[in-house]
$ cat coords_21.pdb   # PDB, N, CA and C atoms
ATOM      1  N   MET Q   1     -35.579  25.967 -20.083
ATOM      2  CA  MET Q   1     -35.833  24.676 -19.487
ATOM      3  C   MET Q   1     -34.579  23.815 -19.667
ATOM      4  N   LYS Q   2     -34.267  23.042 -18.651
ATOM      5  CA  LYS Q   2     -33.126  22.136 -18.691
ATOM      6  C   LYS Q   2     -33.629  20.719 -18.407
ATOM      7  N   THR Q   3     -33.183  19.779 -19.240
ATOM      8  CA  THR Q   3     -33.550  18.384 -19.075
ATOM      9  C   THR Q   3     -32.311  17.598 -18.694
ATOM     10  N   THR Q   4     -32.402  16.811 -17.608
ATOM     11  CA  THR Q   4     -31.299  15.970 -17.163
ATOM     12  C   THR Q   4     -31.817  14.556 -16.967
ATOM     13  N   TYR Q   5     -31.082  13.590 -17.516
ATOM     14  CA  TYR Q   5     -31.452  12.189 -17.341
ATOM     15  C   TYR Q   5     -30.317  11.470 -16.630
ATOM     16  N   TYR Q   6     -30.641  10.831 -15.520
ATOM     17  CA  TYR Q   6     -29.680  10.049 -14.749
ATOM     18  C   TYR Q   6     -29.890   8.580 -15.107
ATOM     19  N   GLU Q   7     -29.089   8.105 -16.065
ATOM     20  CA  GLU Q   7     -29.282   6.767 -16.617
ATOM     21  C   GLU Q   7     -29.154   5.664 -15.567
ATOM     22  N   ALA Q   8     -28.181   5.771 -14.673
ATOM     23  CA  ALA Q   8     -27.962   4.723 -13.668
ATOM     24  C   ALA Q   8     -29.186   4.521 -12.771
ATOM     25  N   ASP Q   9     -29.933   5.601 -12.528
ATOM     26  CA  ASP Q   9     -31.110   5.527 -11.656
ATOM     27  C   ASP Q   9     -32.424   5.589 -12.426
ATOM     28  N   ASP Q  10     -32.351   5.814 -13.750
ATOM     29  CA  ASP Q  10     -33.527   5.952 -14.620
ATOM     30  C   ASP Q  10     -34.457   7.060 -14.120
ATOM     31  N   ILE Q  11     -33.859   8.237 -13.875
ATOM     32  CA  ILE Q  11     -34.615   9.395 -13.393
ATOM     33  C   ILE Q  11     -34.472  10.533 -14.392
ATOM     34  N   LEU Q  12     -35.609  11.111 -14.776
ATOM     35  CA  LEU Q  12     -35.644  12.256 -15.674
ATOM     36  C   LEU Q  12     -36.052  13.491 -14.880
ATOM     37  N   VAL Q  13     -35.258  14.557 -14.981
ATOM     38  CA  VAL Q  13     -35.559  15.806 -14.280
ATOM     39  C   VAL Q  13     -35.763  16.892 -15.324
ATOM     40  N   LEU Q  14     -36.927  17.533 -15.289
ATOM     41  CA  LEU Q  14     -37.235  18.654 -16.165
ATOM     42  C   LEU Q  14     -37.272  19.916 -15.305
ATOM     43  N   ARG Q  15     -36.293  20.773 -15.476
ATOM     44  CA  ARG Q  15     -36.191  21.998 -14.663
ATOM     45  C   ARG Q  15     -36.714  23.161 -15.501
ATOM     46  N   MET Q  16     -37.807  23.771 -15.080
ATOM     47  CA  MET Q  16     -38.450  24.843 -15.831
ATOM     48  C   MET Q  16     -37.914  26.226 -15.480
ATOM     49  N   ASP Q  17     -37.484  26.384 -14.212
ATOM     50  CA  ASP Q  17     -37.095  27.701 -13.715
ATOM     51  C   ASP Q  17     -36.095  27.526 -12.577
ATOM     52  N   ASN Q  18     -35.395  28.594 -12.243
ATOM     53  CA  ASN Q  18     -34.428  28.542 -11.140
ATOM     54  C   ASN Q  18     -34.988  29.105  -9.836
ATOM     55  N   LYS Q  19     -36.292  29.333  -9.788
ATOM     56  CA  LYS Q  19     -36.915  29.828  -8.558
ATOM     57  C   LYS Q  19     -36.763  28.790  -7.454
ATOM     58  N   PRO Q  20     -36.729  29.237  -6.198
ATOM     59  CA  PRO Q  20     -36.665  28.281  -5.087
ATOM     60  C   PRO Q  20     -37.935  27.426  -5.015
ATOM     61  N   ILE Q  21     -37.764  26.174  -4.693
ATOM     62  CA  ILE Q  21     -38.892  25.261  -4.538
ATOM     63  C   ILE Q  21     -39.447  25.395  -3.127
ATOM     64  N   VAL Q  22     -40.763  25.607  -3.037
ATOM     65  CA  VAL Q  22     -41.392  25.746  -1.722
ATOM     66  C   VAL Q  22     -42.388  24.626  -1.426
ATOM     67  N   ARG Q  23     -42.780  23.877  -2.491
ATOM     68  CA  ARG Q  23     -43.762  22.806  -2.281
ATOM     69  C   ARG Q  23     -43.545  21.729  -3.334
ATOM     70  N   GLU Q  24     -43.648  20.476  -2.911
ATOM     71  CA  GLU Q  24     -43.529  19.348  -3.825
ATOM     72  C   GLU Q  24     -44.768  18.473  -3.678
ATOM     73  N   VAL Q  25     -45.292  18.013  -4.818
ATOM     74  CA  VAL Q  25     -46.497  17.193  -4.817
ATOM     75  C   VAL Q  25     -46.243  15.947  -5.655
ATOM     76  N   SER Q  26     -46.591  14.787  -5.117
ATOM     77  CA  SER Q  26     -46.501  13.540  -5.874
ATOM     78  C   SER Q  26     -47.799  13.362  -6.649
ATOM     79  N   GLN Q  27     -47.684  13.278  -7.970
ATOM     80  CA  GLN Q  27     -48.864  13.065  -8.803
ATOM     81  C   GLN Q  27     -49.266  11.597  -8.788
ATOM     82  N   ASP Q  28     -48.279  10.742  -8.726
ATOM     83  CA  ASP Q  28     -48.444   9.305  -8.553
ATOM     84  C   ASP Q  28     -47.105   8.804  -8.032
ATOM     85  N   TRP Q  29     -46.877   7.520  -7.997
ATOM     86  CA  TRP Q  29     -45.662   7.014  -7.357
ATOM     87  C   TRP Q  29     -44.389   7.427  -8.078
ATOM     88  N   ASN Q  30     -44.460   7.726  -9.388
ATOM     89  CA  ASN Q  30     -43.221   8.024 -10.096
ATOM     90  C   ASN Q  30     -43.138   9.429 -10.696
ATOM     91  N   THR Q  31     -44.118  10.271 -10.494
ATOM     92  CA  THR Q  31     -44.096  11.631 -11.033
ATOM     93  C   THR Q  31     -44.278  12.634  -9.903
ATOM     94  N   HIS Q  32     -43.309  13.546  -9.785
ATOM     95  CA  HIS Q  32     -43.321  14.525  -8.703
ATOM     96  C   HIS Q  32     -43.145  15.925  -9.286
ATOM     97  N   VAL Q  33     -43.978  16.865  -8.840
ATOM     98  CA  VAL Q  33     -43.953  18.234  -9.346
ATOM     99  C   VAL Q  33     -43.602  19.170  -8.210
ATOM    100  N   SER Q  34     -42.652  20.081  -8.476
ATOM    101  CA  SER Q  34     -42.220  21.066  -7.475
ATOM    102  C   SER Q  34     -42.667  22.449  -7.916
ATOM    103  N   TYR Q  35     -43.128  23.247  -6.944
ATOM    104  CA  TYR Q  35     -43.693  24.562  -7.225
ATOM    105  C   TYR Q  35     -42.923  25.670  -6.510
ATOM    106  N   ALA Q  36     -42.942  26.865  -7.111
ATOM    107  CA  ALA Q  36     -42.393  28.069  -6.492
ATOM    108  C   ALA Q  36     -43.477  28.709  -5.633
ATOM    109  N   ALA Q  37     -43.107  29.732  -4.884
ATOM    110  CA  ALA Q  37     -44.047  30.426  -4.002
ATOM    111  C   ALA Q  37     -45.212  31.040  -4.779
ATOM    112  N   ASP Q  38     -44.975  31.436  -6.033
ATOM    113  CA  ASP Q  38     -46.036  32.051  -6.836
ATOM    114  C   ASP Q  38     -46.932  31.025  -7.533
ATOM    115  N   GLY Q  39     -46.698  29.732  -7.281
ATOM    116  CA  GLY Q  39     -47.540  28.682  -7.828
ATOM    117  C   GLY Q  39     -47.098  28.137  -9.171
ATOM    118  N   THR Q  40     -46.031  28.681  -9.739
ATOM    119  CA  THR Q  40     -45.549  28.173 -11.020
ATOM    120  C   THR Q  40     -44.753  26.883 -10.819
ATOM    121  N   VAL Q  41     -44.764  26.035 -11.835
ATOM    122  CA  VAL Q  41     -44.013  24.780 -11.783
ATOM    123  C   VAL Q  41     -42.534  25.085 -11.979
ATOM    124  N   VAL Q  42     -41.715  24.582 -11.071
ATOM    125  CA  VAL Q  42     -40.265  24.777 -11.139
ATOM    126  C   VAL Q  42     -39.593  23.526 -11.698
ATOM    127  N   GLU Q  43     -40.065  22.349 -11.283
ATOM    128  CA  GLU Q  43     -39.379  21.116 -11.655
ATOM    129  C   GLU Q  43     -40.357  19.950 -11.691
ATOM    130  N   ILE Q  44     -40.119  19.040 -12.643
ATOM    131  CA  ILE Q  44     -40.863  17.786 -12.717
ATOM    132  C   ILE Q  44     -39.840  16.660 -12.694
ATOM    133  N   VAL Q  45     -40.047  15.681 -11.824
ATOM    134  CA  VAL Q  45     -39.150  14.531 -11.713
ATOM    135  C   VAL Q  45     -39.949  13.271 -12.038
ATOM    136  N   VAL Q  46     -39.405  12.471 -12.961
ATOM    137  CA  VAL Q  46     -40.052  11.216 -13.350
ATOM    138  C   VAL Q  46     -39.120  10.067 -12.997
ATOM    139  N   LEU Q  47     -39.568   9.207 -12.074
ATOM    140  CA  LEU Q  47     -38.821   8.016 -11.699
ATOM    141  C   LEU Q  47     -39.158   6.892 -12.673
ATOM    142  N   ASP Q  48     -38.221   5.972 -12.893
ATOM    143  CA  ASP Q  48     -38.404   4.894 -13.875
ATOM    144  C   ASP Q  48     -38.811   5.474 -15.230
ATOM    145  N   ALA Q  49     -38.094   6.515 -15.638
ATOM    146  CA  ALA Q  49     -38.446   7.279 -16.835
ATOM    147  C   ALA Q  49     -38.446   6.433 -18.107
ATOM    148  N   ARG Q  50     -37.432   5.631 -18.300
ATOM    149  CA  ARG Q  50     -37.376   4.794 -19.511
ATOM    150  C   ARG Q  50     -38.504   3.759 -19.482
ATOM    151  N   ALA Q  51     -38.740   3.174 -18.336
ATOM    152  CA  ALA Q  51     -39.768   2.144 -18.203
ATOM    153  C   ALA Q  51     -41.164   2.678 -18.515
ATOM    154  N   CYS Q  52     -41.424   3.951 -18.204
ATOM    155  CA  CYS Q  52     -42.763   4.504 -18.459
ATOM    156  C   CYS Q  52     -42.841   5.254 -19.787
ATOM    157  N   GLY Q  53     -41.744   5.249 -20.576
ATOM    158  CA  GLY Q  53     -41.775   5.841 -21.906
ATOM    159  C   GLY Q  53     -41.410   7.313 -21.987
ATOM    160  N   ALA Q  54     -40.921   7.907 -20.902
ATOM    161  CA  ALA Q  54     -40.557   9.323 -20.913
ATOM    162  C   ALA Q  54     -39.175   9.562 -21.514
ATOM    163  N   VAL Q  55     -38.391   8.517 -21.674
ATOM    164  CA  VAL Q  55     -37.048   8.611 -22.258
ATOM    165  C   VAL Q  55     -36.994   7.620 -23.409
ATOM    166  N   PRO Q  56     -36.481   7.927 -24.568
ATOM    167  CA  PRO Q  56     -35.708   9.138 -24.843
ATOM    168  C   PRO Q  56     -36.618  10.349 -25.043
ATOM    169  N   VAL Q  57     -36.116  11.500 -24.619
ATOM    170  CA  VAL Q  57     -36.837  12.766 -24.780
ATOM    171  C   VAL Q  57     -36.635  13.211 -26.222
ATOM    172  N   GLN Q  58     -37.710  13.546 -26.889
ATOM    173  CA  GLN Q  58     -37.623  14.021 -28.271
ATOM    174  C   GLN Q  58     -37.109  15.444 -28.304
ATOM    175  N   GLN Q  59     -36.102  15.700 -29.135
ATOM    176  CA  GLN Q  59     -35.548  17.039 -29.311
ATOM    177  C   GLN Q  59     -36.145  17.627 -30.587
ATOM    178  N   HIS Q  60     -36.634  18.854 -30.492
ATOM    179  CA  HIS Q  60     -37.228  19.529 -31.648
ATOM    180  C   HIS Q  60     -36.370  20.728 -32.024
ATOM    181  N   ALA Q  61     -36.231  20.969 -33.300
ATOM    182  CA  ALA Q  61     -35.461  22.131 -33.764
ATOM    183  C   ALA Q  61     -36.201  23.411 -33.394
ATOM    184  N   ALA Q  62     -35.441  24.423 -33.006
ATOM    185  CA  ALA Q  62     -36.048  25.701 -32.599
ATOM    186  C   ALA Q  62     -36.429  26.541 -33.789
TER     187      ALA Q  62
END

$ encode --input "coords_21.pdb" --output "structure tokens"
Amino acid sequence: MKTTYYEADDILVLRMDNKPIVREVSQDWNTHVSYAADGTVVEIVVLDARACGAVPVQQHAA
């Protein structure tokens, strides 16, 4: 999984897999989920991430 935060736009992108995205669904106005052809989640995008408490992302030791 790769996490990218675009501070200037306050957008958090959580990339779960490198599969091609075939479908995107808005869960609400600021959370969007992208799916692969097999139905697995490929990416989650959170708009206004800091404002809704999604940033800072907590890092856990492996």

$ residues_around --input "coords_21.pdb" --residues "stretch 12-28 of chain Q" --least-positions-apart "5" --cutoff "8 Å" --atoms "only C-alpha atoms" --output "list in words"
Met1, Lys2, Thr3, Thr4, Tyr5, Tyr6, Val33, Ser34, Tyr35, Ala36, Ala37, Val41, Val42, Glu43, Ile44, Val45, Val46, Leu47, Ala49, Ala54 and Val55 of chain Q

$ atom_distance --input "coords_21.pdb" --atom1 "atom CA of Q:Cys52" --atom2 "atom CA of Q:Ile11"
10.8 Å

$ atom_distance --input "coords_21.pdb" --atom1 "atom C of Q:Thr31" --atom2 "atom N of Q:Asp48"
9.5 Å

$ axis_aligned_box --input "coords_21.pdb" --around "stretch 14-24 of chain Q" --padding-each-side "5 Å" --output "AutoDock Vina command-line options"
--center_x -39.6 --center_y 23.7 --center_z -8.8 --size_x 20.3 --size_y 22.3 --size_z 24.7

$ select_by_dssp --input "coords_21.pdb" --residues "chain Q" --states "strand (DSSP E)" --output "PDB file with N, CA and C atoms, in the frame of the given file"
ATOM      1  N   LYS Q   2     -34.267  23.042 -18.651  1.00  0.00           N
ATOM      2  CA  LYS Q   2     -33.126  22.136 -18.691  1.00  0.00           C
ATOM      3  C   LYS Q   2     -33.629  20.719 -18.407  1.00  0.00           C
ATOM      4  N   THR Q   3     -33.183  19.779 -19.240  1.00  0.00           N
ATOM      5  CA  THR Q   3     -33.550  18.384 -19.075  1.00  0.00           C
ATOM      6  C   THR Q   3     -32.311  17.598 -18.694  1.00  0.00           C
ATOM      7  N   THR Q   4     -32.402  16.811 -17.608  1.00  0.00           N
ATOM      8  CA  THR Q   4     -31.299  15.970 -17.163  1.00  0.00           C
ATOM      9  C   THR Q   4     -31.817  14.556 -16.967  1.00  0.00           C
ATOM     10  N   TYR Q   5     -31.082  13.590 -17.516  1.00  0.00           N
ATOM     11  CA  TYR Q   5     -31.452  12.189 -17.341  1.00  0.00           C
ATOM     12  C   TYR Q   5     -30.317  11.470 -16.630  1.00  0.00           C
ATOM     13  N   TYR Q   6     -30.641  10.831 -15.520  1.00  0.00           N
ATOM     14  CA  TYR Q   6     -29.680  10.049 -14.749  1.00  0.00           C
ATOM     15  C   TYR Q   6     -29.890   8.580 -15.107  1.00  0.00           C
ATOM     16  N   ILE Q  11     -33.859   8.237 -13.875  1.00  0.00           N
ATOM     17  CA  ILE Q  11     -34.615   9.395 -13.393  1.00  0.00           C
ATOM     18  C   ILE Q  11     -34.472  10.533 -14.392  1.00  0.00           C
ATOM     19  N   LEU Q  12     -35.609  11.111 -14.776  1.00  0.00           N
ATOM     20  CA  LEU Q  12     -35.644  12.256 -15.674  1.00  0.00           C
ATOM     21  C   LEU Q  12     -36.052  13.491 -14.880  1.00  0.00           C
ATOM     22  N   VAL Q  13     -35.258  14.557 -14.981  1.00  0.00           N
ATOM     23  CA  VAL Q  13     -35.559  15.806 -14.280  1.00  0.00           C
ATOM     24  C   VAL Q  13     -35.763  16.892 -15.324  1.00  0.00           C
ATOM     25  N   LEU Q  14     -36.927  17.533 -15.289  1.00  0.00           N
ATOM     26  CA  LEU Q  14     -37.235  18.654 -16.165  1.00  0.00           C
ATOM     27  C   LEU Q  14     -37.272  19.916 -15.305  1.00  0.00           C
ATOM     28  N   ARG Q  15     -36.293  20.773 -15.476  1.00  0.00           N
ATOM     29  CA  ARG Q  15     -36.191  21.998 -14.663  1.00  0.00           C
ATOM     30  C   ARG Q  15     -36.714  23.161 -15.501  1.00  0.00           C
ATOM     31  N   ARG Q  23     -42.780  23.877  -2.491  1.00  0.00           N
ATOM     32  CA  ARG Q  23     -43.762  22.806  -2.281  1.00  0.00           C
ATOM     33  C   ARG Q  23     -43.545  21.729  -3.334  1.00  0.00           C
ATOM     34  N   GLU Q  24     -43.648  20.476  -2.911  1.00  0.00           N
ATOM     35  CA  GLU Q  24     -43.529  19.348  -3.825  1.00  0.00           C
ATOM     36  C   GLU Q  24     -44.768  18.473  -3.678  1.00  0.00           C
ATOM     37  N   VAL Q  25     -45.292  18.013  -4.818  1.00  0.00           N
ATOM     38  CA  VAL Q  25     -46.497  17.193  -4.817  1.00  0.00           C
ATOM     39  C   VAL Q  25     -46.243  15.947  -5.655  1.00  0.00           C
ATOM     40  N   SER Q  26     -46.591  14.787  -5.117  1.00  0.00           N
ATOM     41  CA  SER Q  26     -46.501  13.540  -5.874  1.00  0.00           C
ATOM     42  C   SER Q  26     -47.799  13.362  -6.649  1.00  0.00           C
ATOM     43  N   GLN Q  27     -47.684  13.278  -7.970  1.00  0.00           N
ATOM     44  CA  GLN Q  27     -48.864  13.065  -8.803  1.00  0.00           C
ATOM     45  C   GLN Q  27     -49.266  11.597  -8.788  1.00  0.00           C
ATOM     46  N   ASP Q  28     -48.279  10.742  -8.726  1.00  0.00           N
ATOM     47  CA  ASP Q  28     -48.444   9.305  -8.553  1.00  0.00           C
ATOM     48  C   ASP Q  28     -47.105   8.804  -8.032  1.00  0.00           C
ATOM     49  N   THR Q  31     -44.118  10.271 -10.494  1.00  0.00           N
ATOM     50  CA  THR Q  31     -44.096  11.631 -11.033  1.00  0.00           C
ATOM     51  C   THR Q  31     -44.278  12.634  -9.903  1.00  0.00           C
ATOM     52  N   HIS Q  32     -43.309  13.546  -9.785  1.00  0.00           N
ATOM     53  CA  HIS Q  32     -43.321  14.525  -8.703  1.00  0.00           C
ATOM     54  C   HIS Q  32     -43.145  15.925  -9.286  1.00  0.00           C
ATOM     55  N   VAL Q  33     -43.978  16.865  -8.840  1.00  0.00           N
ATOM     56  CA  VAL Q  33     -43.953  18.234  -9.346  1.00  0.00           C
ATOM     57  C   VAL Q  33     -43.602  19.170  -8.210  1.00  0.00           C
ATOM     58  N   SER Q  34     -42.652  20.081  -8.476  1.00  0.00           N
ATOM     59  CA  SER Q  34     -42.220  21.066  -7.475  1.00  0.00           C
ATOM     60  C   SER Q  34     -42.667  22.449  -7.916  1.00  0.00           C
ATOM     61  N   TYR Q  35     -43.128  23.247  -6.944  1.00  0.00           N
ATOM     62  CA  TYR Q  35     -43.693  24.562  -7.225  1.00  0.00           C
ATOM     63  C   TYR Q  35     -42.923  25.670  -6.510  1.00  0.00           C
ATOM     64  N   VAL Q  41     -44.764  26.035 -11.835  1.00  0.00           N
ATOM     65  CA  VAL Q  41     -44.013  24.780 -11.783  1.00  0.00           C
ATOM     66  C   VAL Q  41     -42.534  25.085 -11.979  1.00  0.00           C
ATOM     67  N   VAL Q  42     -41.715  24.582 -11.071  1.00  0.00           N
ATOM     68  CA  VAL Q  42     -40.265  24.777 -11.139  1.00  0.00           C
ATOM     69  C   VAL Q  42     -39.593  23.526 -11.698  1.00  0.00           C
ATOM     70  N   GLU Q  43     -40.065  22.349 -11.283  1.00  0.00           N
ATOM     71  CA  GLU Q  43     -39.379  21.116 -11.655  1.00  0.00           C
ATOM     72  C   GLU Q  43     -40.357  19.950 -11.691  1.00  0.00           C
ATOM     73  N   ILE Q  44     -40.119  19.040 -12.643  1.00  0.00           N
ATOM     74  CA  ILE Q  44     -40.863  17.786 -12.717  1.00  0.00           C
ATOM     75  C   ILE Q  44     -39.840  16.660 -12.694  1.00  0.00           C
ATOM     76  N   VAL Q  45     -40.047  15.681 -11.824  1.00  0.00           N
ATOM     77  CA  VAL Q  45     -39.150  14.531 -11.713  1.00  0.00           C
ATOM     78  C   VAL Q  45     -39.949  13.271 -12.038  1.00  0.00           C
ATOM     79  N   VAL Q  46     -39.405  12.471 -12.961  1.00  0.00           N
ATOM     80  CA  VAL Q  46     -40.052  11.216 -13.350  1.00  0.00           C
ATOM     81  C   VAL Q  46     -39.120  10.067 -12.997  1.00  0.00           C
ATOM     82  N   LEU Q  47     -39.568   9.207 -12.074  1.00  0.00           N
ATOM     83  CA  LEU Q  47     -38.821   8.016 -11.699  1.00  0.00           C
ATOM     84  C   LEU Q  47     -39.158   6.892 -12.673  1.00  0.00           C
TER      85      LEU Q  47
END

$ atom_distance --input "coords_21.pdb" --atom1 "atom N of Q:Asp9" --atom2 "atom C of Q:Arg50"
11.2 Å

$ build_atoms --input "coords_21.pdb" --residues "stretch 29-39 of chain Q" --atoms "all heavy atoms" --output "CSV table (one decimal), in the frame of the given file"
chain,number,residue,atom,x,y,z
Q,29,TRP,N,-46.9,7.5,-8.0
Q,29,TRP,CA,-45.7,7.0,-7.4
Q,29,TRP,C,-44.4,7.4,-8.1
Q,29,TRP,O,-43.3,7.5,-7.5
Q,29,TRP,CB,-45.7,5.5,-7.2
Q,29,TRP,CG,-45.5,4.8,-8.5
Q,29,TRP,CD1,-46.4,4.4,-9.4
Q,29,TRP,CD2,-44.2,4.4,-9.0
Q,29,TRP,NE1,-45.8,3.7,-10.4
Q,29,TRP,CE2,-44.5,3.7,-10.2
Q,29,TRP,CE3,-42.9,4.5,-8.6
Q,29,TRP,CZ2,-43.5,3.2,-11.0
Q,29,TRP,CZ3,-41.9,4.0,-9.4
Q,29,TRP,CH2,-42.2,3.3,-10.6
Q,30,ASN,N,-44.5,7.7,-9.4
Q,30,ASN,CA,-43.2,8.0,-10.1
Q,30,ASN,C,-43.1,9.4,-10.7
Q,30,ASN,O,-42.2,9.7,-11.4
Q,30,ASN,CB,-43.0,7.0,-11.2
Q,30,ASN,CG,-43.9,7.1,-12.3
Q,30,ASN,OD1,-45.1,7.4,-12.2
Q,30,ASN,ND2,-43.5,6.7,-13.5
Q,31,THR,N,-44.1,10.3,-10.5
Q,31,THR,CA,-44.1,11.6,-11.0
Q,31,THR,C,-44.3,12.6,-9.9
Q,31,THR,O,-45.3,12.6,-9.2
Q,31,THR,CB,-45.2,11.8,-12.1
Q,31,THR,OG1,-45.1,10.8,-13.1
Q,31,THR,CG2,-45.1,13.2,-12.7
Q,32,HIS,N,-43.3,13.5,-9.8
Q,32,HIS,CA,-43.3,14.5,-8.7
Q,32,HIS,C,-43.1,15.9,-9.3
Q,32,HIS,O,-42.3,16.1,-10.1
Q,32,HIS,CB,-42.2,14.2,-7.7
Q,32,HIS,CG,-42.2,12.8,-7.3
Q,32,HIS,ND1,-43.1,12.3,-6.3
Q,32,HIS,CD2,-41.5,11.7,-7.7
Q,32,HIS,CE1,-42.9,11.0,-6.1
Q,32,HIS,NE2,-42.0,10.6,-7.0
Q,33,VAL,N,-44.0,16.9,-8.8
Q,33,VAL,CA,-44.0,18.2,-9.3
Q,33,VAL,C,-43.6,19.2,-8.2
Q,33,VAL,O,-44.2,19.1,-7.1
Q,33,VAL,CB,-45.3,18.6,-10.0
Q,33,VAL,CG1,-45.3,20.0,-10.5
Q,33,VAL,CG2,-45.7,17.6,-11.0
Q,34,SER,N,-42.7,20.1,-8.5
Q,34,SER,CA,-42.2,21.1,-7.5
Q,34,SER,C,-42.7,22.4,-7.9
Q,34,SER,O,-42.6,22.8,-9.1
Q,34,SER,CB,-40.7,21.0,-7.3
Q,34,SER,OG,-40.3,19.8,-6.9
Q,35,TYR,N,-43.1,23.2,-6.9
Q,35,TYR,CA,-43.7,24.6,-7.2
Q,35,TYR,C,-42.9,25.7,-6.5
Q,35,TYR,O,-42.4,25.5,-5.4
Q,35,TYR,CB,-45.1,24.6,-6.7
Q,35,TYR,CG,-46.1,23.7,-7.5
Q,35,TYR,CD1,-46.3,22.4,-7.0
Q,35,TYR,CD2,-46.7,24.0,-8.6
Q,35,TYR,CE1,-47.1,21.5,-7.6
Q,35,TYR,CE2,-47.5,23.1,-9.3
Q,35,TYR,CZ,-47.7,21.9,-8.8
Q,35,TYR,OH,-48.6,21.0,-9.4
Q,36,ALA,N,-42.9,26.9,-7.1
Q,36,ALA,CA,-42.4,28.1,-6.5
Q,36,ALA,C,-43.5,28.7,-5.6
Q,36,ALA,O,-44.6,28.3,-5.7
Q,36,ALA,CB,-41.9,29.0,-7.6
Q,37,ALA,N,-43.1,29.7,-4.9
Q,37,ALA,CA,-44.0,30.4,-4.0
Q,37,ALA,C,-45.2,31.0,-4.8
Q,37,ALA,O,-46.3,31.1,-4.3
Q,37,ALA,CB,-43.3,31.5,-3.2
Q,38,ASP,N,-45.0,31.4,-6.0
Q,38,ASP,CA,-46.0,32.1,-6.8
Q,38,ASP,C,-46.9,31.0,-7.5
Q,38,ASP,O,-47.8,31.4,-8.3
Q,38,ASP,CB,-45.5,33.0,-7.9
Q,38,ASP,CG,-44.6,32.4,-8.9
Q,38,ASP,OD1,-44.4,31.1,-8.9
Q,38,ASP,OD2,-44.0,33.1,-9.7
Q,39,GLY,N,-46.7,29.7,-7.3
Q,39,GLY,CA,-47.5,28.7,-7.8
Q,39,GLY,C,-47.1,28.1,-9.2
Q,39,GLY,O,-47.7,27.2,-9.7
